[in-house]
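Data block for input.cif (mmCIF, C-alpha atoms and all ligand atoms):
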```
data_target
loop_
_atom_site.label_atom_id
_atom_site.label_comp_id
_atom_site.auth_asym_id
_atom_site.auth_seq_id
_atom_site.Cartn_x
_atom_site.Cartn_y
_atom_site.Cartn_z
CA MET A 1 8.24 -3.32 -7.57
CA SER A 2 9.35 -0.49 -5.36
CA THR A 3 8.31 -0.58 -1.77
CA PHE A 4 6.56 1.78 0.55
CA SER A 5 8.88 4.26 2.26
CA PHE A 6 8.87 7.64 3.97
CA SER A 7 11.62 10.22 3.94
CA LEU A 8 11.66 13.38 5.97
CA ASP A 9 13.17 16.35 4.10
CA ALA A 10 12.91 19.14 6.68
CA THR A 11 11.47 20.06 10.04
CA ASP A 12 10.56 23.45 11.47
CA GLY A 13 9.64 23.29 15.14
CA SER A 14 7.42 20.20 15.35
CA ALA A 15 6.24 20.61 11.74
CA ARG A 16 7.65 18.21 9.14
CA THR A 17 7.79 17.95 5.37
CA GLY A 18 8.78 14.91 3.37
CA VAL A 19 7.72 12.36 0.79
CA ILE A 20 5.98 8.99 1.01
CA ASP A 21 7.06 6.78 -1.88
CA THR A 22 4.65 4.17 -3.14
CA PRO A 23 4.57 2.04 -6.31
CA ARG A 24 1.68 4.26 -7.48
CA GLY A 25 3.54 7.51 -6.98
CA GLN A 26 4.78 9.98 -4.43
CA ILE A 27 2.75 11.61 -1.68
CA ARG A 28 4.16 14.97 -0.64
CA THR A 29 3.70 15.65 3.07
CA PRO A 30 2.04 17.30 4.83
CA ALA A 31 -0.68 15.85 2.59
CA PHE A 32 -4.41 16.49 2.44
CA MET A 33 -6.47 13.57 1.13
CA PRO A 34 -9.82 14.36 -0.50
CA VAL A 35 -12.50 11.84 0.42
CA GLY A 36 -13.88 9.59 -2.33
CA THR A 37 -16.51 7.85 -0.24
CA ALA A 38 -18.37 5.84 -2.90
CA ALA A 39 -15.49 5.52 -5.41
CA THR A 40 -15.86 9.16 -6.43
CA VAL A 41 -14.98 12.54 -5.00
CA LYS A 42 -18.48 13.92 -5.42
CA ALA A 43 -18.90 16.41 -8.29
CA MET A 44 -15.29 15.94 -9.47
CA MET A 45 -13.70 13.98 -12.31
CA PRO A 46 -10.60 12.10 -11.07
CA GLU A 47 -8.36 14.12 -13.40
CA SER A 48 -9.81 17.30 -11.89
CA VAL A 49 -8.99 16.05 -8.40
CA ALA A 50 -5.43 15.42 -9.58
CA ALA A 51 -5.32 18.92 -11.12
CA THR A 52 -6.00 20.46 -7.70
CA GLY A 53 -2.69 18.91 -6.57
CA ALA A 54 -3.95 15.88 -4.64
CA ASP A 55 -1.44 13.01 -4.50
CA ILE A 56 -3.74 10.54 -2.74
CA LEU A 57 -7.45 9.91 -2.13
CA LEU A 58 -9.29 8.27 0.71
CA GLY A 59 -11.86 5.54 0.06
CA ASN A 60 -14.39 4.24 2.58
CA THR A 61 -14.44 0.52 3.32
CA TYR A 62 -17.87 0.62 4.93
CA HIS A 63 -19.59 2.22 1.92
CA LEU A 64 -17.76 0.16 -0.71
CA MET A 65 -18.31 -3.19 1.03
CA LEU A 66 -22.06 -2.55 0.98
CA ARG A 67 -22.26 -1.08 -2.51
CA PRO A 68 -21.05 -2.19 -5.02
CA THR A 69 -19.15 -4.67 -2.72
CA ALA A 70 -15.41 -5.24 -2.50
CA GLU A 71 -15.69 -8.55 -4.37
CA ARG A 72 -17.31 -6.82 -7.36
CA ILE A 73 -14.64 -4.10 -7.39
CA ALA A 74 -11.90 -6.76 -7.21
CA ALA A 75 -13.46 -8.68 -10.12
CA LEU A 76 -13.47 -5.44 -12.12
CA GLY A 77 -9.75 -4.90 -11.55
CA GLY A 78 -9.61 -3.10 -8.19
CA LEU A 79 -10.61 0.33 -6.96
CA HIS A 80 -7.98 2.32 -8.88
CA LYS A 81 -9.15 0.96 -12.23
CA PHE A 82 -12.84 0.99 -11.24
CA MET A 83 -12.82 4.72 -10.40
CA ASN A 84 -10.07 5.74 -12.85
CA TRP A 85 -7.74 7.09 -10.16
CA HIS A 86 -4.25 5.72 -10.62
CA LYS A 87 -2.40 7.52 -7.83
CA PRO A 88 -2.30 6.13 -4.28
CA ILE A 89 -5.48 5.36 -2.33
CA LEU A 90 -5.82 5.05 1.43
CA THR A 91 -8.83 3.15 2.73
CA ASP A 92 -10.22 3.43 6.22
CA SER A 93 -11.08 0.25 8.08
CA GLY A 94 -14.84 0.68 8.19
CA GLY A 95 -14.80 0.79 11.99
CA PHE A 96 -15.65 4.44 12.41
CA GLN A 97 -18.50 4.46 9.90
CA VAL A 98 -20.04 1.25 11.20
CA MET A 99 -20.35 3.01 14.53
CA SER A 100 -21.71 6.23 13.05
CA LEU A 101 -23.92 5.03 10.16
CA ALA A 102 -25.03 1.42 10.53
CA GLY A 103 -28.11 0.26 12.39
CA LEU A 104 -28.50 -2.58 14.95
CA ARG A 105 -24.85 -2.73 15.90
CA LYS A 106 -23.49 -5.45 18.17
CA LEU A 107 -19.91 -4.96 19.30
CA THR A 108 -17.97 -7.94 20.67
CA GLU A 109 -14.32 -8.95 20.96
CA GLU A 110 -14.71 -10.70 17.61
CA GLY A 111 -15.87 -7.56 15.75
CA VAL A 112 -19.04 -5.64 14.89
CA LYS A 113 -22.26 -7.14 13.55
CA PHE A 114 -24.47 -4.57 11.91
CA ALA A 115 -27.30 -3.83 9.53
CA SER A 116 -26.62 -1.87 6.33
CA HIS A 117 -27.98 1.69 6.36
CA ILE A 118 -28.89 1.15 2.68
CA ASP A 119 -31.05 -1.98 2.74
CA GLY A 120 -30.90 -3.42 6.25
CA SER A 121 -28.85 -6.45 5.13
CA ARG A 122 -26.74 -8.02 7.89
CA HIS A 123 -22.93 -7.93 7.84
CA MET A 124 -19.98 -8.48 10.13
CA LEU A 125 -16.74 -6.53 10.20
CA THR A 126 -13.76 -7.96 12.04
CA PRO A 127 -10.07 -7.07 11.80
CA GLU A 128 -9.62 -10.03 9.44
CA ARG A 129 -12.60 -9.10 7.23
CA SER A 130 -11.53 -5.45 7.10
CA MET A 131 -8.03 -6.50 5.92
CA GLU A 132 -9.62 -8.79 3.31
CA ILE A 133 -11.88 -6.02 1.98
CA GLN A 134 -9.07 -3.45 1.81
CA LYS A 135 -6.93 -6.01 -0.07
CA LEU A 136 -9.79 -6.71 -2.51
CA LEU A 137 -10.08 -2.96 -3.13
CA GLY A 138 -6.33 -2.82 -3.82
CA SER A 139 -5.72 -0.04 -1.31
CA ASP A 140 -2.15 1.27 -1.09
CA ILE A 141 -2.45 2.33 2.54
CA VAL A 142 -4.59 0.05 4.68
CA MET A 143 -5.87 1.08 8.09
CA CYS A 144 -6.15 -1.22 11.10
CA PHE A 145 -9.67 -2.07 12.21
CA ASP A 146 -10.40 -0.22 15.41
CA GLU A 147 -13.15 1.03 17.63
CA CYS A 148 -13.51 4.58 18.85
CA PRO A 149 -15.98 5.91 21.40
CA ALA A 150 -17.55 9.33 20.83
CA LEU A 151 -16.17 11.98 23.18
CA PRO A 152 -16.75 12.97 25.89
CA ALA A 153 -16.70 9.46 27.38
CA GLU A 154 -15.76 8.05 30.78
CA GLU A 155 -12.06 7.26 31.06
CA LYS A 156 -12.67 3.58 31.86
CA VAL A 157 -14.81 3.29 28.70
CA VAL A 158 -12.04 4.90 26.64
CA ALA A 159 -9.42 2.63 28.26
CA SER A 160 -11.20 -0.66 27.62
CA SER A 161 -12.10 0.40 24.08
CA MET A 162 -8.46 1.37 23.40
CA ARG A 163 -7.19 -1.97 24.74
CA MET A 164 -9.56 -3.89 22.50
CA SER A 165 -8.43 -1.75 19.54
CA MET A 166 -4.82 -2.72 20.34
CA ARG A 167 -5.77 -6.43 20.30
CA TRP A 168 -7.52 -5.73 16.99
CA ALA A 169 -4.36 -3.97 15.75
CA GLN A 170 -2.38 -7.19 16.35
CA ARG A 171 -5.08 -9.20 14.54
CA SER A 172 -5.01 -6.67 11.67
CA ARG A 173 -1.21 -6.97 11.44
CA ASP A 174 -1.42 -10.79 11.40
CA ALA A 175 -4.18 -10.80 8.76
CA PHE A 176 -2.47 -8.18 6.57
CA GLY A 177 0.61 -10.39 6.18
CA ASP A 178 3.54 -9.42 3.99
CA ARG A 179 2.47 -7.30 1.00
CA PRO A 180 5.41 -5.42 -0.57
CA GLY A 181 4.42 -1.98 -1.85
CA HIS A 182 1.37 -1.82 0.42
CA ALA A 183 1.36 -0.23 3.84
CA LEU A 184 -0.54 -0.94 7.03
CA PHE A 185 -1.07 1.89 9.50
CA GLY A 186 -1.79 1.42 13.20
CA ILE A 187 -4.20 3.76 14.96
CA GLN A 188 -3.47 5.30 18.35
CA GLN A 189 -6.49 5.63 20.64
CA GLY A 190 -6.91 6.76 24.21
CA GLY A 191 -9.22 9.76 23.96
CA VAL A 192 -7.91 12.86 25.71
CA THR A 193 -6.00 10.95 28.42
CA GLN A 194 -2.23 11.21 28.03
CA SER A 195 -1.38 7.96 29.85
CA LEU A 196 -3.82 6.01 27.65
CA ARG A 197 -2.33 7.61 24.52
CA GLU A 198 1.11 6.51 25.74
CA GLU A 199 -0.06 2.96 26.45
CA SER A 200 -1.64 2.79 22.98
CA ALA A 201 1.48 4.12 21.25
CA GLU A 202 3.68 1.57 23.03
CA ALA A 203 1.34 -1.28 22.04
CA LEU A 204 1.38 -0.19 18.40
CA LYS A 205 5.16 0.28 18.27
CA SER A 206 5.73 -3.19 19.68
CA ILE A 207 3.58 -4.64 16.88
CA GLY A 208 5.25 -2.43 14.25
CA PHE A 209 3.50 -0.54 11.43
CA ASP A 210 4.42 1.38 8.26
CA GLY A 211 2.70 4.49 9.58
CA TYR A 212 0.71 5.62 12.59
CA ALA A 213 -2.59 7.45 12.86
CA VAL A 214 -3.76 9.57 15.73
CA GLY A 215 -7.33 8.27 15.98
CA GLY A 216 -10.29 9.09 18.14
CA LEU A 217 -10.13 12.84 17.57
CA ALA A 218 -12.52 15.09 15.63
CA VAL A 219 -15.33 13.16 17.32
CA GLY A 220 -16.90 16.02 19.24
CA GLU A 221 -14.12 17.11 21.61
CA GLY A 222 -13.56 20.56 20.03
CA GLN A 223 -10.41 22.17 18.65
CA GLU A 224 -8.88 23.12 22.00
CA ALA A 225 -9.08 19.55 23.35
CA MET A 226 -7.86 18.16 20.02
CA PHE A 227 -4.83 20.46 19.98
CA GLY A 228 -4.26 19.55 23.64
CA VAL A 229 -3.84 15.90 22.62
CA LEU A 230 -1.79 16.83 19.55
CA ASP A 231 0.62 18.72 21.81
CA TYR A 232 1.92 15.34 23.01
CA ALA A 233 0.43 12.45 20.98
CA PRO A 234 2.51 12.72 17.74
CA ASP A 235 5.76 12.70 19.79
CA MET A 236 4.81 9.28 21.17
CA LEU A 237 4.89 7.86 17.63
CA PRO A 238 8.03 6.95 15.64
CA THR A 239 9.74 9.95 14.01
CA ASP A 240 10.65 8.02 10.86
CA LYS A 241 7.09 6.97 9.91
CA PRO A 242 4.18 9.06 8.59
CA ARG A 243 1.67 10.34 11.14
CA TYR A 244 -1.93 10.62 10.04
CA LEU A 245 -4.69 12.59 11.77
CA MET A 246 -8.00 11.05 10.74
CA GLY A 247 -11.04 13.11 9.74
CA VAL A 248 -9.54 16.61 10.14
CA GLY A 249 -10.63 19.20 9.35
CA LYS A 250 -11.21 22.92 8.90
CA PRO A 251 -8.28 24.94 7.48
CA ASP A 252 -7.19 26.21 10.90
CA ASP A 253 -7.43 22.66 12.34
CA ILE A 254 -5.14 21.46 9.57
CA VAL A 255 -2.58 24.21 10.10
CA GLY A 256 -2.59 23.58 13.86
CA ALA A 257 -2.17 19.84 13.33
CA VAL A 258 0.75 20.29 10.93
CA ALA A 259 2.37 22.65 13.44
CA ARG A 260 2.14 19.80 15.96
CA GLY A 261 3.85 17.19 13.77
CA ILE A 262 1.06 15.64 11.67
CA ASP A 263 1.90 14.55 8.08
CA MET A 264 -1.43 13.43 6.60
CA MET A 265 -5.08 14.41 6.97
CA ASP A 266 -8.42 13.76 5.30
CA CYS A 267 -11.81 15.40 5.54
CA VAL A 268 -15.09 15.61 3.63
CA LEU A 269 -15.35 19.29 4.49
CA PRO A 270 -14.01 20.91 1.28
CA SER A 271 -16.08 18.65 -0.99
CA ARG A 272 -19.23 18.61 1.14
CA SER A 273 -19.09 22.37 1.67
CA GLY A 274 -18.70 22.84 -2.07
CA ARG A 275 -22.14 21.33 -2.50
CA THR A 276 -23.72 23.46 0.21
CA GLY A 277 -22.35 26.79 -1.03
CA GLN A 278 -19.70 27.22 1.66
CA VAL A 279 -16.39 28.35 0.19
CA PHE A 280 -12.98 28.42 1.88
CA THR A 281 -10.69 31.28 0.94
CA ARG A 282 -7.57 32.99 2.27
CA ASN A 283 -9.91 35.46 3.94
CA GLY A 284 -12.07 32.88 5.67
CA VAL A 285 -15.41 31.37 4.72
CA VAL A 286 -17.68 32.84 2.03
CA ASN A 287 -21.32 31.79 1.76
CA ILE A 288 -22.12 32.06 -1.93
CA LYS A 289 -25.86 31.89 -1.33
CA ASN A 290 -25.86 35.33 0.33
CA ALA A 291 -27.68 38.02 -1.67
CA ARG A 292 -24.63 40.31 -1.51
CA HIS A 293 -23.03 38.26 -4.31
CA ALA A 294 -25.97 38.53 -6.77
CA ASP A 295 -24.54 41.52 -8.68
CA ASP A 296 -20.85 41.03 -7.88
CA PRO A 297 -18.72 40.61 -11.03
CA ARG A 298 -15.54 39.84 -9.05
CA PRO A 299 -14.08 36.34 -8.60
CA LEU A 300 -14.39 34.47 -5.32
CA ASP A 301 -10.68 35.01 -4.72
CA GLU A 302 -8.69 37.05 -7.23
CA SER A 303 -5.46 35.27 -6.29
CA CYS A 304 -6.89 31.77 -6.83
CA THR A 305 -6.10 30.02 -10.14
CA CYS A 306 -8.88 27.41 -9.97
CA PRO A 307 -11.51 27.33 -12.78
CA ALA A 308 -14.22 28.79 -10.53
CA CYS A 309 -12.09 31.85 -9.76
CA SER A 310 -10.40 32.16 -13.17
CA ASN A 311 -13.52 32.04 -15.32
CA TYR A 312 -16.60 32.94 -13.26
CA SER A 313 -17.95 35.81 -11.19
CA ARG A 314 -19.42 35.64 -7.71
CA ALA A 315 -22.70 36.63 -9.37
CA TYR A 316 -22.61 33.55 -11.61
CA LEU A 317 -21.64 31.20 -8.78
CA HIS A 318 -24.45 32.70 -6.67
CA HIS A 319 -26.92 32.23 -9.53
CA VAL A 320 -26.08 28.58 -10.26
CA PHE A 321 -26.11 27.76 -6.56
CA ARG A 322 -29.54 29.35 -6.10
CA SER A 323 -30.77 27.60 -9.26
CA GLN A 324 -29.44 24.27 -7.94
CA GLU A 325 -27.47 23.73 -11.14
CA MET A 326 -24.96 20.86 -11.01
CA ILE A 327 -22.13 23.13 -12.13
CA SER A 328 -22.43 24.90 -8.78
CA GLY A 329 -21.24 21.87 -6.81
CA MET A 330 -18.62 21.14 -9.47
CA LEU A 331 -17.06 24.62 -9.41
CA LEU A 332 -17.25 25.20 -5.68
CA THR A 333 -15.87 21.74 -4.85
CA TRP A 334 -13.01 22.33 -7.29
CA HIS A 335 -12.26 25.68 -5.67
CA ASN A 336 -12.35 24.24 -2.14
CA LEU A 337 -10.09 21.30 -2.99
CA HIS A 338 -7.73 23.68 -4.83
CA TYR A 339 -7.66 25.95 -1.77
CA TYR A 340 -6.85 23.01 0.53
CA GLN A 341 -4.06 21.79 -1.73
CA GLU A 342 -2.60 25.32 -2.01
CA LEU A 343 -2.68 25.47 1.77
CA MET A 344 -0.68 22.23 1.97
CA GLN A 345 1.81 23.43 -0.66
CA GLY A 346 2.24 26.69 1.24
CA MET A 347 2.99 24.77 4.43
CA ARG A 348 5.39 22.37 2.69
CA ASP A 349 7.31 25.31 1.23
CA ALA A 350 7.37 27.22 4.52
CA ILE A 351 8.56 24.21 6.52
CA ALA A 352 11.25 23.49 3.92
CA GLY A 353 12.34 27.13 4.05
CA GLY A 354 12.29 27.35 7.84
CA THR A 355 9.63 30.09 7.76
CA PHE A 356 6.63 28.19 9.09
CA THR A 357 6.11 30.45 12.12
CA ALA A 358 5.85 33.53 9.90
CA TRP A 359 3.67 31.60 7.45
CA GLN A 360 1.23 30.74 10.23
CA ALA A 361 1.07 34.36 11.40
CA ASP A 362 0.23 35.44 7.84
CA PHE A 363 -2.38 32.66 7.49
CA HIS A 364 -4.19 33.83 10.62
CA ALA A 365 -3.85 37.54 9.71
CA GLN A 366 -5.36 36.95 6.25
CA ARG A 367 -8.29 35.07 7.74
CA ALA A 368 -8.87 37.72 10.36
CA LYS A 369 -9.42 40.27 7.59
CA GLY A 370 -12.59 38.52 6.50
CA ASP A 371 -14.16 38.57 3.03
CA ILE A 372 -13.74 41.56 0.68
CA GLU A 373 -16.22 44.39 1.26
CA PRO A 374 -19.50 44.17 -0.69
CA LEU A 375 -19.69 46.44 -3.73
ZN ZN B 1 -10.69 29.31 -6.68
#
```

What's the structure tokens form of this structure?
Ligand SMILES: [Zn+2]
Amino acid sequence: MSTFSFSLDATDGSARTGVIDTPRGQIRTPAFMPVGTAATVKAMMPESVAATGADILLGNTYHLMLRPTAERIAALGGLHKFMNWHKPILTDSGGFQVMSLAGLRKLTEEGVKFASHIDGSRHMLTPERSMEIQKLLGSDIVMCFDECPALPAEEKVVASSMRMSMRWAQRSRDAFGDRPGHALFGIQQGGVTQSLREESAEALKSIGFDGYAVGGLAVGEGQEAMFGVLDYAPDMLPTDKPRYLMGVGKPDDIVGAVARGIDMMDCVLPSRSGRTGQVFTRNGVVNIKNARHADDPRPLDESCTCPACSNYSRAYLHHVFRSQEMISGMLLTWHNLHYYQELMQGMRDAIAGGTFTAWQADFHAQRAKGDIEPL
């Protein structure tokens, strides 16, 4: 069995492009990971997700442990087989969603006790239990169990939370053990305080991980503060390992993060927006529910090769959205995921060609133009 490895092919400024090799296939970086919360990317068949160009999906430990349970998925052959996705899967640790979704939480050094948001049943997540669940799921990239305060927060709150997360990172490392072909990523915390980010990075590096996430961002701090942290945080992490920015983001967040040295990202935005009629294009956001599209025979984006743009008019997409037909979410999600993957491919090519600065200028200029004029 081949092992997990990362090779950097080119850099342009702080931006990087390379390949993560796993036994389940290659992940081209910078990579965008669609989110398959409940063992499905909503409204998409797995082969359709692959057709958009995705090399890897994200699965959510918190959701899957509650329903259908990790033990059931393991008994049925693991998450890849269960959901019919045979490329790599990254699972989060459950920590973030316990804090954002569960009821009756009790946080201690041991872990988090909580009540399920589905049926109120009581559970406990610890670093050891999170590692066990992610192993049962068969995840290729496992995330350390951590805790992350919502921002803004007092610095002393961020500091003590970060230090507990670093103790949990050591416990995660110990519980993960030696699993060839599977990777464990550490998660840097420290909010928007540079010295805390440095302390966290040093703690993680001394433990040693296969990759490193910049955590605790996209939690309410805004793009300017996030980019402020990304101006220094990735440089604190090892150059020869993948760097993952969790839960980001909008297209311009993603471009800005890649420009600052991030290799992997995930976000529900393209899939969730597909179901609410919000469409991402080269020329910015289009709201398909607007009446201006009702008689418009043109595609969403004439340069896009996705099924929604190749085969349907804005008028049709407007109609099925307004009629709440299921094909609306299917087509718009496909388009959005296709757009995100094209964005990543564009960045990979530009970084490899040494033209990323010009590529970014063109990206922003196209968006500034706005949507095509109404007919
Ligand atoms: Zn399209």

Distance table requested - chain A against ligand ZN 1 (chain B), cut-off 12 Å, all atoms listed in the file: one row per qualifying residue with the closest atom pair and its distance in Å to one decimal, ordered by chain and rising residue number, as a Markdown table.
```
| residue | atom | partner | partner_atom | distance |
| --- | --- | --- | --- | --- |
| A:Thr52 | CA | B:ZN1 | ZN | 10.1 |
| A:Gly274 | CA | B:ZN1 | ZN | 11.3 |
| A:Val279 | CA | B:ZN1 | ZN | 9.0 |
| A:Phe280 | CA | B:ZN1 | ZN | 8.9 |
| A:Thr281 | CA | B:ZN1 | ZN | 7.9 |
| A:Arg282 | CA | B:ZN1 | ZN | 10.2 |
| A:Val286 | CA | B:ZN1 | ZN | 11.7 |
| A:Arg298 | CA | B:ZN1 | ZN | 11.8 |
| A:Pro299 | CA | B:ZN1 | ZN | 8.0 |
| A:Leu300 | CA | B:ZN1 | ZN | 6.5 |
| A:Asp301 | CA | B:ZN1 | ZN | 6.0 |
| A:Glu302 | CA | B:ZN1 | ZN | 8.0 |
| A:Ser303 | CA | B:ZN1 | ZN | 7.9 |
| A:Cys304 | CA | B:ZN1 | ZN | 4.5 |
| A:Thr305 | CA | B:ZN1 | ZN | 5.8 |
| A:Cys306 | CA | B:ZN1 | ZN | 4.2 |
| A:Pro307 | CA | B:ZN1 | ZN | 6.5 |
| A:Ala308 | CA | B:ZN1 | ZN | 5.2 |
| A:Cys309 | CA | B:ZN1 | ZN | 4.2 |
| A:Ser310 | CA | B:ZN1 | ZN | 7.1 |
| A:Asn311 | CA | B:ZN1 | ZN | 9.5 |
| A:Tyr312 | CA | B:ZN1 | ZN | 9.6 |
| A:Ser313 | CA | B:ZN1 | ZN | 10.7 |
| A:Arg314 | CA | B:ZN1 | ZN | 10.8 |
| A:Leu317 | CA | B:ZN1 | ZN | 11.3 |
| A:Met330 | CA | B:ZN1 | ZN | 11.7 |
| A:Leu331 | CA | B:ZN1 | ZN | 8.4 |
| A:Leu332 | CA | B:ZN1 | ZN | 7.8 |
| A:Thr333 | CA | B:ZN1 | ZN | 9.4 |
| A:Trp334 | CA | B:ZN1 | ZN | 7.4 |
| A:His335 | CA | B:ZN1 | ZN | 4.1 |
| A:Asn336 | CA | B:ZN1 | ZN | 7.0 |
| A:Leu337 | CA | B:ZN1 | ZN | 8.8 |
| A:His338 | CA | B:ZN1 | ZN | 6.6 |
| A:Tyr339 | CA | B:ZN1 | ZN | 6.7 |
| A:Tyr340 | CA | B:ZN1 | ZN | 10.3 |
| A:Gln341 | CA | B:ZN1 | ZN | 11.2 |
| A:Glu342 | CA | B:ZN1 | ZN | 10.2 |
```

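Restricting the calculation to all atoms listed in the file, the smallest distance between A:Leu343 and any of A:Ala115, A:Ala50, A:Ala31, A:Met83 is found for A:Ala31.
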
Practice task
Find the spatial neighbours of A:Val285, counting all atoms listed in the file, within a cut-off of 12 Å - ignore same-chain residues fewer than 6 positions away - and output them as JSON, numbers by chain.
Solution key: {"A": [250, 251, 252, 270, 273, 274, 277, 278, 279, 300, 301, 336, 339, 366, 367, 368, 369, 370, 371, 372]}

Please, could you write that set of residues out with C-alpha atoms as a PDB file, keeping the file's coordinate frame?
```pdb
ATOM      1  CA  LYS A 250     -11.210  22.920   8.900  1.00  0.00           C
ATOM      2  CA  PRO A 251      -8.280  24.940   7.480  1.00  0.00           C
ATOM      3  CA  ASP A 252      -7.190  26.210  10.900  1.00  0.00           C
ATOM      4  CA  PRO A 270     -14.010  20.910   1.280  1.00  0.00           C
ATOM      5  CA  SER A 273     -19.090  22.370   1.670  1.00  0.00           C
ATOM      6  CA  GLY A 274     -18.700  22.840  -2.070  1.00  0.00           C
ATOM      7  CA  GLY A 277     -22.350  26.790  -1.030  1.00  0.00           C
ATOM      8  CA  GLN A 278     -19.700  27.220   1.660  1.00  0.00           C
ATOM      9  CA  VAL A 279     -16.390  28.350   0.190  1.00  0.00           C
ATOM     10  CA  LEU A 300     -14.390  34.470  -5.320  1.00  0.00           C
ATOM     11  CA  ASP A 301     -10.680  35.010  -4.720  1.00  0.00           C
ATOM     12  CA  ASN A 336     -12.350  24.240  -2.140  1.00  0.00           C
ATOM     13  CA  TYR A 339      -7.660  25.950  -1.770  1.00  0.00           C
ATOM     14  CA  GLN A 366      -5.360  36.950   6.250  1.00  0.00           C
ATOM     15  CA  ARG A 367      -8.290  35.070   7.740  1.00  0.00           C
ATOM     16  CA  ALA A 368      -8.870  37.720  10.360  1.00  0.00           C
ATOM     17  CA  LYS A 369      -9.420  40.270   7.590  1.00  0.00           C
ATOM     18  CA  GLY A 370     -12.590  38.520   6.500  1.00  0.00           C
ATOM     19  CA  ASP A 371     -14.160  38.570   3.030  1.00  0.00           C
ATOM     20  CA  ILE A 372     -13.740  41.560   0.680  1.00  0.00           C
TER      21      ILE A 372
END
```

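Minimum distance to A:Glu154 across A:Ser121, A:Thr193, A:Thr357, A:Thr69 (counting only C-alpha atoms) occurs at A:Thr193.
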
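Put simply, atom CA of A:Gly216 is 28.7 Å away from atom CA of A:Ala43.
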
Open item on the list: Just want the 12 Å neighbourhood of stretch 223-226 of chain A, counted on all atoms listed in the file, with same-chain residues fewer than 2 positions away dropped. Output as a ChimeraX atom specification.
Closed with: /A:151-152,191-194,214-221,228-234,245-257,260

One decimal place gives the atom CA of A:Ser139-atom CA of A:Ala183 separation as 8.8 Å

Open item on the list: Show me, as a PyMOL selection string, the residues that have an atom within 7 Å of A:Gln170 when counting all atoms listed in the file, minus same-chain residues fewer than 4 positions from it.
Closed with: chain A and resi 166+174+207

The residue from A:Ala259, A:Met131, A:Leu196, A:Leu137 with the smallest atom-to-atom distance to A:Glu155, counting all atoms listed in the file, is A:Leu196

Computed gap from atom CA of A:Arg167 to atom CA of A:Pro149 is 16.1 Å

The residues within 12 Å of (1.6, 5.5, 17.7), using all atoms listed in the file and the coordinates of the file, should be reported as number ranges by chain; which are they? A: 166, 169, 185-190, 196-215, 230, 232-245, 262

Closest of A:Val258, A:Asp296, A:Ala10, A:His319 to A:Phe32, counting only C-alpha atoms, is A:Val258
